[in-house]
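Trainee: My structure file upload31.pdb, PDB, C-alpha atoms, pLDDT in the B column, is below:
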```
MODEL        1
ATOM      1  CA  MET A 282      46.525  30.645 -24.219  1.00 57.00           C
ATOM      2  CA  GLY A 283      46.964  27.659 -21.878  1.00 70.00           C
ATOM      3  CA  ASP A 284      48.015  24.157 -22.709  1.00 76.00           C
ATOM      4  CA  PRO A 285      46.072  22.515 -25.543  1.00 71.00           C
ATOM      5  CA  PRO A 286      43.528  19.837 -24.668  1.00 76.00           C
ATOM      6  CA  ILE A 287      44.812  16.291 -24.608  1.00 88.00           C
ATOM      7  CA  HIS A 288      41.442  14.728 -25.401  1.00 90.00           C
ATOM      8  CA  VAL A 289      38.399  16.170 -27.093  1.00 95.00           C
ATOM      9  CA  ALA A 290      35.043  14.399 -26.855  1.00 95.00           C
ATOM     10  CA  TRP A 291      32.423  15.023 -29.514  1.00 95.00           C
ATOM     11  CA  GLN A 292      28.775  13.964 -29.352  1.00 94.00           C
ATOM     12  CA  THR A 293      28.461  12.885 -32.979  1.00 95.00           C
ATOM     13  CA  THR A 294      24.744  12.020 -32.907  1.00 93.00           C
ATOM     14  CA  PRO A 295      21.829  11.978 -30.483  1.00 90.00           C
ATOM     15  CA  ARG A 296      20.511   8.766 -32.054  1.00 90.00           C
ATOM     16  CA  CYS A 297      20.798   5.539 -30.073  1.00 91.00           C
ATOM     17  CA  ASN A 298      19.373   2.033 -30.244  1.00 89.00           C
ATOM     18  CA  LEU A 299      18.999   1.875 -26.439  1.00 89.00           C
ATOM     19  CA  LYS A 300      17.134   4.007 -23.918  1.00 88.00           C
ATOM     20  CA  CYS A 301      19.439   3.914 -20.898  1.00 87.00           C
ATOM     21  CA  ILE A 302      17.962   5.515 -17.812  1.00 86.00           C
ATOM     22  CA  TYR A 303      21.302   7.152 -16.980  1.00 84.00           C
ATOM     23  CA  CYS A 304      21.877   8.673 -20.439  1.00 83.00           C
ATOM     24  CA  TYR A 305      23.111  12.254 -20.253  1.00 77.00           C
ATOM     25  CA  ALA A 306      22.382  12.809 -23.955  1.00 76.00           C
ATOM     26  CA  ASP A 307      18.625  12.176 -23.877  1.00 69.00           C
ATOM     27  CA  ALA A 308      19.307   9.899 -26.819  1.00 64.00           C
ATOM     28  CA  GLY A 309      17.090   7.424 -28.623  1.00 63.00           C
ATOM     29  CA  GLU A 310      16.345   6.002 -32.045  1.00 64.00           C
ATOM     30  CA  GLY A 311      14.031   8.869 -32.925  1.00 64.00           C
ATOM     31  CA  ALA A 312      16.186  11.602 -31.401  1.00 62.00           C
ATOM     32  CA  LYS A 313      16.640  14.474 -33.787  1.00 70.00           C
ATOM     33  CA  ALA A 314      19.189  17.211 -33.752  1.00 74.00           C
ATOM     34  CA  GLU A 315      21.270  18.973 -36.299  1.00 78.00           C
ATOM     35  CA  VAL A 316      24.545  17.166 -36.748  1.00 89.00           C
ATOM     36  CA  LEU A 317      27.609  18.170 -38.692  1.00 95.00           C
ATOM     37  CA  SER A 318      27.842  16.960 -42.270  1.00 96.00           C
ATOM     38  CA  THR A 319      30.745  14.673 -43.126  1.00 97.00           C
ATOM     39  CA  SER A 320      32.798  17.551 -44.555  1.00 98.00           C
ATOM     40  CA  GLU A 321      32.012  19.781 -41.552  1.00 97.00           C
ATOM     41  CA  ALA A 322      32.961  16.923 -39.224  1.00 98.00           C
ATOM     42  CA  MET A 323      36.270  16.400 -41.007  1.00 98.00           C
ATOM     43  CA  LYS A 324      36.997  20.113 -40.708  1.00 98.00           C
ATOM     44  CA  LEU A 325      36.259  19.919 -36.966  1.00 97.00           C
ATOM     45  CA  ILE A 326      38.568  16.911 -36.572  1.00 98.00           C
ATOM     46  CA  ALA A 327      41.382  18.699 -38.428  1.00 98.00           C
ATOM     47  CA  GLU A 328      40.908  21.774 -36.224  1.00 96.00           C
ATOM     48  CA  VAL A 329      41.025  19.631 -33.080  1.00 96.00           C
ATOM     49  CA  PHE A 330      44.359  18.222 -34.265  1.00 96.00           C
ATOM     50  CA  GLU A 331      45.662  21.711 -35.076  1.00 95.00           C
ATOM     51  CA  LEU A 332      44.811  22.775 -31.507  1.00 92.00           C
ATOM     52  CA  GLY A 333      47.253  20.135 -30.283  1.00 93.00           C
ATOM     53  CA  ALA A 334      44.828  17.496 -29.031  1.00 95.00           C
ATOM     54  CA  LYS A 335      46.169  13.953 -28.842  1.00 95.00           C
ATOM     55  CA  SER A 336      42.907  12.056 -29.161  1.00 96.00           C
ATOM     56  CA  MET A 337      39.310  12.436 -30.255  1.00 97.00           C
ATOM     57  CA  VAL A 338      36.549  10.603 -28.425  1.00 97.00           C
ATOM     58  CA  PHE A 339      33.520   9.937 -30.621  1.00 98.00           C
ATOM     59  CA  THR A 340      30.406   9.696 -28.424  1.00 94.00           C
ATOM     60  CA  GLY A 341      26.663   9.841 -28.874  1.00 90.00           C
ATOM     61  CA  GLY A 342      23.912   8.687 -28.427  1.00 90.00           C
ATOM     62  CA  GLU A 343      25.376   5.675 -30.145  1.00 94.00           C
ATOM     63  CA  PRO A 344      28.045   6.885 -32.594  1.00 96.00           C
ATOM     64  CA  LEU A 345      27.726   3.738 -34.722  1.00 97.00           C
ATOM     65  CA  MET A 346      24.233   4.907 -35.701  1.00 94.00           C
ATOM     66  CA  ARG A 347      25.906   7.697 -37.655  1.00 95.00           C
ATOM     67  CA  SER A 348      26.426   6.379 -41.197  1.00 95.00           C
ATOM     68  CA  ASP A 349      29.818   8.037 -41.704  1.00 97.00           C
ATOM     69  CA  ILE A 350      31.311   7.373 -38.260  1.00 98.00           C
ATOM     70  CA  LEU A 351      33.917   4.860 -39.431  1.00 98.00           C
ATOM     71  CA  ASP A 352      35.068   7.279 -42.143  1.00 98.00           C
ATOM     72  CA  LEU A 353      35.419   9.975 -39.467  1.00 98.00           C
ATOM     73  CA  VAL A 354      37.341   7.653 -37.140  1.00 98.00           C
ATOM     74  CA  GLU A 355      39.690   6.751 -39.998  1.00 98.00           C
ATOM     75  CA  PHE A 356      40.101  10.430 -40.894  1.00 98.00           C
ATOM     76  CA  ALA A 357      40.977  11.270 -37.278  1.00 98.00           C
ATOM     77  CA  SER A 358      43.655   8.587 -37.346  1.00 98.00           C
ATOM     78  CA  ASP A 359      44.956   9.812 -40.712  1.00 98.00           C
ATOM     79  CA  VAL A 360      45.432  13.380 -39.428  1.00 98.00           C
ATOM     80  CA  GLY A 361      47.317  12.141 -36.360  1.00 97.00           C
ATOM     81  CA  LEU A 362      44.720  11.841 -33.610  1.00 97.00           C
ATOM     82  CA  LYS A 363      44.140   8.709 -31.533  1.00 97.00           C
ATOM     83  CA  PRO A 364      40.472   7.857 -32.217  1.00 98.00           C
ATOM     84  CA  ILE A 365      38.428   6.470 -29.333  1.00 97.00           C
ATOM     85  CA  LEU A 366      34.856   5.296 -29.911  1.00 97.00           C
ATOM     86  CA  ALA A 367      32.546   5.419 -26.886  1.00 95.00           C
ATOM     87  CA  THR A 368      29.840   2.874 -27.717  1.00 95.00           C
ATOM     88  CA  ASN A 369      27.202   0.694 -26.131  1.00 92.00           C
ATOM     89  CA  GLY A 370      28.816  -2.169 -28.056  1.00 93.00           C
ATOM     90  CA  THR A 371      25.686  -3.655 -29.571  1.00 92.00           C
ATOM     91  CA  LEU A 372      26.626  -2.661 -33.132  1.00 94.00           C
ATOM     92  CA  LEU A 373      30.265  -3.810 -33.064  1.00 95.00           C
ATOM     93  CA  SER A 374      30.179  -6.386 -35.855  1.00 95.00           C
ATOM     94  CA  ASP A 375      33.313  -8.156 -37.105  1.00 96.00           C
ATOM     95  CA  GLY A 376      33.544  -5.703 -39.993  1.00 97.00           C
ATOM     96  CA  VAL A 377      33.262  -2.668 -37.712  1.00 98.00           C
ATOM     97  CA  VAL A 378      35.862  -4.071 -35.319  1.00 97.00           C
ATOM     98  CA  ARG A 379      38.252  -4.726 -38.222  1.00 97.00           C
ATOM     99  CA  ARG A 380      37.874  -1.155 -39.521  1.00 98.00           C
ATOM    100  CA  LEU A 381      38.400   0.286 -36.049  1.00 98.00           C
ATOM    101  CA  LYS A 382      41.498  -1.865 -35.597  1.00 97.00           C
ATOM    102  CA  GLY A 383      42.772  -0.735 -39.007  1.00 97.00           C
ATOM    103  CA  ALA A 384      42.361   2.893 -37.910  1.00 98.00           C
ATOM    104  CA  ASN A 385      44.334   2.207 -34.713  1.00 97.00           C
ATOM    105  CA  ALA A 386      41.223   3.151 -32.760  1.00 97.00           C
ATOM    106  CA  SER A 387      40.234   2.055 -29.286  1.00 95.00           C
ATOM    107  CA  VAL A 388      36.747   1.577 -27.921  1.00 95.00           C
ATOM    108  CA  VAL A 389      35.129   2.242 -24.592  1.00 92.00           C
ATOM    109  CA  ILE A 390      32.125  -0.061 -24.156  1.00 91.00           C
ATOM    110  CA  ASN A 391      29.437   0.767 -21.647  1.00 89.00           C
ATOM    111  CA  LEU A 392      28.677  -2.401 -19.671  1.00 90.00           C
ATOM    112  CA  PRO A 393      26.676  -1.584 -16.525  1.00 91.00           C
ATOM    113  CA  THR A 394      25.968  -5.190 -15.517  1.00 92.00           C
ATOM    114  CA  ILE A 395      25.947  -8.772 -16.736  1.00 92.00           C
ATOM    115  CA  ASN A 396      22.616  -9.483 -15.027  1.00 93.00           C
ATOM    116  CA  GLU A 397      19.981  -9.736 -17.778  1.00 91.00           C
ATOM    117  CA  GLU A 398      17.062  -8.408 -15.691  1.00 92.00           C
ATOM    118  CA  ILE A 399      19.012  -5.410 -14.393  1.00 93.00           C
ATOM    119  CA  TYR A 400      20.390  -4.792 -17.871  1.00 91.00           C
ATOM    120  CA  ARG A 401      16.886  -4.610 -19.366  1.00 91.00           C
ATOM    121  CA  ARG A 402      15.790  -2.152 -16.692  1.00 92.00           C
ATOM    122  CA  LEU A 403      18.858   0.048 -17.179  1.00 91.00           C
ATOM    123  CA  THR A 404      18.842   0.118 -20.979  1.00 89.00           C
ATOM    124  CA  GLY A 405      15.147  -0.087 -21.824  1.00 86.00           C
ATOM    125  CA  ALA A 406      16.046  -2.834 -24.304  1.00 81.00           C
ATOM    126  CA  GLY A 407      14.300  -6.174 -24.629  1.00 77.00           C
ATOM    127  CA  SER A 408      17.822  -7.529 -24.555  1.00 75.00           C
ATOM    128  CA  SER A 409      21.055  -6.506 -26.148  1.00 78.00           C
ATOM    129  CA  LEU A 410      23.291  -7.899 -23.414  1.00 87.00           C
ATOM    130  CA  LYS A 411      24.173 -10.948 -25.525  1.00 87.00           C
ATOM    131  CA  GLU A 412      25.219  -8.697 -28.435  1.00 86.00           C
ATOM    132  CA  LYS A 413      27.285  -6.543 -26.081  1.00 87.00           C
ATOM    133  CA  LEU A 414      29.079  -9.534 -24.563  1.00 90.00           C
ATOM    134  CA  GLY A 415      29.703 -10.847 -28.078  1.00 91.00           C
ATOM    135  CA  ALA A 416      31.252  -7.489 -28.961  1.00 91.00           C
ATOM    136  CA  LEU A 417      33.749  -7.905 -26.128  1.00 90.00           C
ATOM    137  CA  ASP A 418      34.733 -11.288 -27.564  1.00 91.00           C
ATOM    138  CA  ARG A 419      35.132  -9.785 -31.065  1.00 93.00           C
ATOM    139  CA  CYS A 420      37.391  -7.043 -29.714  1.00 92.00           C
ATOM    140  CA  LEU A 421      39.546  -9.681 -28.014  1.00 90.00           C
ATOM    141  CA  GLU A 422      39.657 -11.875 -31.131  1.00 92.00           C
ATOM    142  CA  HIS A 423      40.782  -8.985 -33.353  1.00 93.00           C
ATOM    143  CA  GLY A 424      43.132  -7.401 -30.812  1.00 92.00           C
ATOM    144  CA  LEU A 425      41.184  -4.133 -30.686  1.00 93.00           C
ATOM    145  CA  LYS A 426      42.077  -2.162 -27.558  1.00 91.00           C
ATOM    146  CA  TYR A 427      39.089  -1.460 -25.372  1.00 87.00           C
ATOM    147  CA  SER A 428      37.995  -0.640 -21.887  1.00 87.00           C
ATOM    148  CA  ILE A 429      34.698  -1.040 -20.113  1.00 87.00           C
ATOM    149  CA  GLY A 430      32.743   1.851 -18.683  1.00 86.00           C
ATOM    150  CA  VAL A 431      30.253   1.275 -15.873  1.00 88.00           C
ATOM    151  CA  ALA A 432      27.482   3.747 -15.087  1.00 87.00           C
ATOM    152  CA  MET A 433      26.745   3.138 -11.406  1.00 89.00           C
ATOM    153  CA  THR A 434      23.114   3.399 -10.302  1.00 91.00           C
ATOM    154  CA  LYS A 435      20.935   2.114  -7.496  1.00 93.00           C
ATOM    155  CA  LEU A 436      19.882  -0.701  -9.821  1.00 92.00           C
ATOM    156  CA  ASN A 437      23.327  -2.123 -10.561  1.00 92.00           C
ATOM    157  CA  TYR A 438      25.743  -1.258  -7.766  1.00 91.00           C
ATOM    158  CA  ARG A 439      25.150  -4.604  -6.059  1.00 93.00           C
ATOM    159  CA  SER A 440      25.981  -6.488  -9.275  1.00 92.00           C
ATOM    160  CA  ILE A 441      29.412  -4.913  -9.826  1.00 89.00           C
ATOM    161  CA  ASP A 442      31.211  -7.852  -8.159  1.00 91.00           C
ATOM    162  CA  ALA A 443      29.646 -10.225 -10.697  1.00 93.00           C
ATOM    163  CA  LEU A 444      30.680  -7.885 -13.525  1.00 91.00           C
ATOM    164  CA  LEU A 445      34.271  -7.764 -12.267  1.00 87.00           C
ATOM    165  CA  SER A 446      34.333 -11.551 -11.891  1.00 89.00           C
ATOM    166  CA  TYR A 447      33.093 -11.896 -15.472  1.00 88.00           C
ATOM    167  CA  VAL A 448      35.735  -9.501 -16.796  1.00 83.00           C
ATOM    168  CA  LEU A 449      38.526 -11.206 -14.862  1.00 82.00           C
ATOM    169  CA  GLY A 450      37.216 -14.653 -15.845  1.00 81.00           C
ATOM    170  CA  LYS A 451      37.471 -13.707 -19.513  1.00 75.00           C
ATOM    171  CA  GLY A 452      41.114 -12.858 -18.923  1.00 67.00           C
ATOM    172  CA  LEU A 453      40.572  -9.288 -20.020  1.00 63.00           C
ATOM    173  CA  TYR A 454      42.681  -7.853 -17.221  1.00 52.00           C
ATOM    174  CA  ALA A 455      44.285 -10.997 -15.872  1.00 39.00           C
ATOM    175  CA  ASP A 456      47.860  -9.703 -15.735  1.00 38.00           C
ATOM    176  CA  ARG A 457      47.073  -6.200 -14.474  1.00 37.00           C
ATOM    177  CA  LEU A 458      44.267  -3.720 -14.327  1.00 40.00           C
ATOM    178  CA  ARG A 459      44.748  -1.514 -17.365  1.00 43.00           C
ATOM    179  CA  PRO A 460      44.537   2.253 -17.072  1.00 44.00           C
ATOM    180  CA  ASN A 461      41.778   4.150 -18.737  1.00 47.00           C
ATOM    181  CA  LEU A 462      42.341   4.250 -22.519  1.00 45.00           C
ATOM    182  CA  LEU A 463      42.389   8.029 -22.371  1.00 46.00           C
ATOM    183  CA  ASP A 464      45.435   7.846 -20.101  1.00 50.00           C
ATOM    184  CA  GLU A 465      47.011   5.032 -22.129  1.00 51.00           C
ATOM    185  CA  CYS A 466      47.085   6.809 -25.474  1.00 49.00           C
ATOM    186  CA  CYS A 467      49.080   9.904 -24.534  1.00 46.00           C
TER     187      CYS A 467
ENDMDL
END
```
Would you encode the structure as structure tokens?

Mentor:
Amino acid sequence: MGDPPIHVAWQTTPRCNLKCIYCYADAGEGAKAEVLSTSEAMKLIAEVFELGAKSMVFTGGEPLMRSDILDLVEFASDVGLKPILATNGTLLSDGVVRRLKGANASVVINLPTINEEIYRRLTGAGSSLKEKLGALDRCLEHGLKYSIGVAMTKLNYRSIDALLSYVLGKGLYADRLRPNLLDECC
């Protein structure tokens, strides 16, 4: 057998509160699929650790729509994995951020643009951009490690400069551009 995986990504749920046009998961609020029970998920996480993985990436849909996701993130940390939550950021409340920080988790937040009109077209949401930008502030306030993911499309590629200016203006990467969290953890 070859080297064990360093990172394992798991699509924890197909449910999502957005309808992004670039979504690979065909996710949505009404999306239905069989998902692992909490005990099955914990068994999977333990097996991933036993295989020698260093981190577990919890994806979706929107993983925070899974009622037990924070318990699973904490369990992953407890068994020795670095938990990474790939989220759209709209559900990152203070309480969620605190629990993620307590589990030594990191988050990857999808932020395709800071232009409200383009954002609505990309995500199919009336607007959740304000919530997403607030989530970035909460992560900073609580010291939760995070990175920003950008899905490039014809709709947003011209607005990337504004997004980078916003990120730099917030001081998120003022001293240096940080590596991807997946590279940082191991």

Trainee: Could you please determine the separation between CA of Ala357 (chain A) and CA of Gly283 (chain A) in Å, to one decimal place?

Mentor: 23.3 Å

Trainee: Write out as a PDB file with C-alpha atoms, in the frame of the given file each polymer residue whose atoms come within 8 Å of region 409-422 of chain A, counting all atoms listed in the file; drop sequence neighbours fewer than 4 positions from it.

Mentor:
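Result went into out18.pdb, see below:
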```pdb
ATOM      1  CA  ASN A 369      27.202   0.694 -26.131  1.00 92.00           C
ATOM      2  CA  GLY A 370      28.816  -2.169 -28.056  1.00 93.00           C
ATOM      3  CA  THR A 371      25.686  -3.655 -29.571  1.00 92.00           C
ATOM      4  CA  LEU A 372      26.626  -2.661 -33.132  1.00 94.00           C
ATOM      5  CA  LEU A 373      30.265  -3.810 -33.064  1.00 95.00           C
ATOM      6  CA  SER A 374      30.179  -6.386 -35.855  1.00 95.00           C
ATOM      7  CA  ASP A 375      33.313  -8.156 -37.105  1.00 96.00           C
ATOM      8  CA  VAL A 378      35.862  -4.071 -35.319  1.00 97.00           C
ATOM      9  CA  LEU A 392      28.677  -2.401 -19.671  1.00 90.00           C
ATOM     10  CA  ILE A 395      25.947  -8.772 -16.736  1.00 92.00           C
ATOM     11  CA  GLU A 397      19.981  -9.736 -17.778  1.00 91.00           C
ATOM     12  CA  TYR A 400      20.390  -4.792 -17.871  1.00 91.00           C
ATOM     13  CA  LYS A 426      42.077  -2.162 -27.558  1.00 91.00           C
ATOM     14  CA  TYR A 427      39.089  -1.460 -25.372  1.00 87.00           C
TER      15      TYR A 427
END
```

Trainee: Run through the PyMOL selection byres ((chain A and resi 297) around 12) on the given coordinates and return the selected residues as a PDB file with C-alpha atoms, in the frame of the given file.

Mentor:
```pdb
ATOM      1  CA  GLN A 292      28.775  13.964 -29.352  1.00 94.00           C
ATOM      2  CA  THR A 293      28.461  12.885 -32.979  1.00 95.00           C
ATOM      3  CA  THR A 294      24.744  12.020 -32.907  1.00 93.00           C
ATOM      4  CA  PRO A 295      21.829  11.978 -30.483  1.00 90.00           C
ATOM      5  CA  ARG A 296      20.511   8.766 -32.054  1.00 90.00           C
ATOM      6  CA  ASN A 298      19.373   2.033 -30.244  1.00 89.00           C
ATOM      7  CA  LEU A 299      18.999   1.875 -26.439  1.00 89.00           C
ATOM      8  CA  LYS A 300      17.134   4.007 -23.918  1.00 88.00           C
ATOM      9  CA  CYS A 301      19.439   3.914 -20.898  1.00 87.00           C
ATOM     10  CA  CYS A 304      21.877   8.673 -20.439  1.00 83.00           C
ATOM     11  CA  ALA A 306      22.382  12.809 -23.955  1.00 76.00           C
ATOM     12  CA  ASP A 307      18.625  12.176 -23.877  1.00 69.00           C
ATOM     13  CA  ALA A 308      19.307   9.899 -26.819  1.00 64.00           C
ATOM     14  CA  GLY A 309      17.090   7.424 -28.623  1.00 63.00           C
ATOM     15  CA  GLU A 310      16.345   6.002 -32.045  1.00 64.00           C
ATOM     16  CA  GLY A 311      14.031   8.869 -32.925  1.00 64.00           C
ATOM     17  CA  ALA A 312      16.186  11.602 -31.401  1.00 62.00           C
ATOM     18  CA  LYS A 313      16.640  14.474 -33.787  1.00 70.00           C
ATOM     19  CA  THR A 340      30.406   9.696 -28.424  1.00 94.00           C
ATOM     20  CA  GLY A 341      26.663   9.841 -28.874  1.00 90.00           C
ATOM     21  CA  GLY A 342      23.912   8.687 -28.427  1.00 90.00           C
ATOM     22  CA  GLU A 343      25.376   5.675 -30.145  1.00 94.00           C
ATOM     23  CA  PRO A 344      28.045   6.885 -32.594  1.00 96.00           C
ATOM     24  CA  LEU A 345      27.726   3.738 -34.722  1.00 97.00           C
ATOM     25  CA  MET A 346      24.233   4.907 -35.701  1.00 94.00           C
ATOM     26  CA  ARG A 347      25.906   7.697 -37.655  1.00 95.00           C
ATOM     27  CA  THR A 368      29.840   2.874 -27.717  1.00 95.00           C
ATOM     28  CA  ASN A 369      27.202   0.694 -26.131  1.00 92.00           C
ATOM     29  CA  GLY A 370      28.816  -2.169 -28.056  1.00 93.00           C
ATOM     30  CA  THR A 371      25.686  -3.655 -29.571  1.00 92.00           C
ATOM     31  CA  LEU A 372      26.626  -2.661 -33.132  1.00 94.00           C
ATOM     32  CA  THR A 404      18.842   0.118 -20.979  1.00 89.00           C
ATOM     33  CA  GLY A 405      15.147  -0.087 -21.824  1.00 86.00           C
ATOM     34  CA  ALA A 406      16.046  -2.834 -24.304  1.00 81.00           C
TER      35      ALA A 406
END
```

Trainee: Mind checking which residues fall within 8 Å of region 319-323 of chain A, counting all atoms listed in the file, ignoring those fewer than 4 positions away in the same chain, and posting them as JSON, numbers by chain?

Mentor: {"A": [327, 349, 353, 356, 357]}

Trainee: For region 318-333 of chain A, what centre and edge lengths in Å (one decimal) does the axis-aligned box get once 6 Å is added on each side of all its listed atoms, as AutoDock Vina command-line options?

Mentor:
```
--center_x 37.5 --center_y 18.7 --center_z -37.4 --size_x 31.4 --size_y 20.1 --size_z 26.3
```

Trainee: Find the distance between CA of Tyr447 (chain A) and CA of Val431 (chain A) and write it in Å to one decimal.

Mentor: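 CA of Val431 (chain A) lies 13.5 Å from CA of Tyr447 (chain A).
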
Trainee: Which of these residues is nearest to Asp352 (chain A), using all atoms listed in the file: A:Phe330, A:Ser428, A:Gly407, A:Pro364?

Mentor: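 Smallest distance to Asp352 (chain A) is found for A:Pro364.
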
Trainee: Calculate how many Å separate CA of Gly424 (chain A) from CA of Gly361 (chain A), rounding to one decimal.

Mentor: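 Distance reported for this atom pair: 20.7 Å.
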
Trainee: Go through A:Leu449, A:Val338, A:Leu351, A:Ala367 one by one, measure the shortest atom-to-atom distance of each to Val388 (chain A) using all atoms listed in the file, and give the residue with the smallest value.

Mentor: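 Closest candidate: A:Ala367.
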
Trainee: Let me make sure I understand: among A:Ala314, A:Val289, A:Leu445, A:Ile302, which one has the smallest atom-to-atom distance to Leu332 (chain A) if we use all atoms listed in the file?

Mentor: A:Val289

Trainee: With only C-alpha atoms as the atoms that count, which of A:Ala334, A:Val354, A:Leu403, A:Ile365 lies nearest to Arg380 (chain A)?

Mentor: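 Using only C-alpha atoms, the shortest distance to Arg380 (chain A) belongs to A:Val354.
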
Trainee: Can you turn the PyMOL selection byres ((chain A and resi 441) around 12) into a concrete residue list for this file, as a list in words?

Mentor: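 Taken over the shown coordinates, the PyMOL selection byres ((chain A and resi 441) around 12) returns Leu392, Pro393, Thr394, Ile395, Asn396, Ile399, Gly430, Val431, Ala432, Met433, Thr434, Lys435, Leu436, Asn437, Tyr438, Arg439, Ser440, Asp442, Ala443, Leu444, Leu445, Ser446, Tyr447 and Val448 of chain A.
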
Trainee: Out of A:Ala290, A:Leu425, A:Val329, A:Leu362, which residue has the shortest atom-to-atom distance to Lys382 (chain A) when counting all atoms listed in the file?

Mentor: A:Leu425
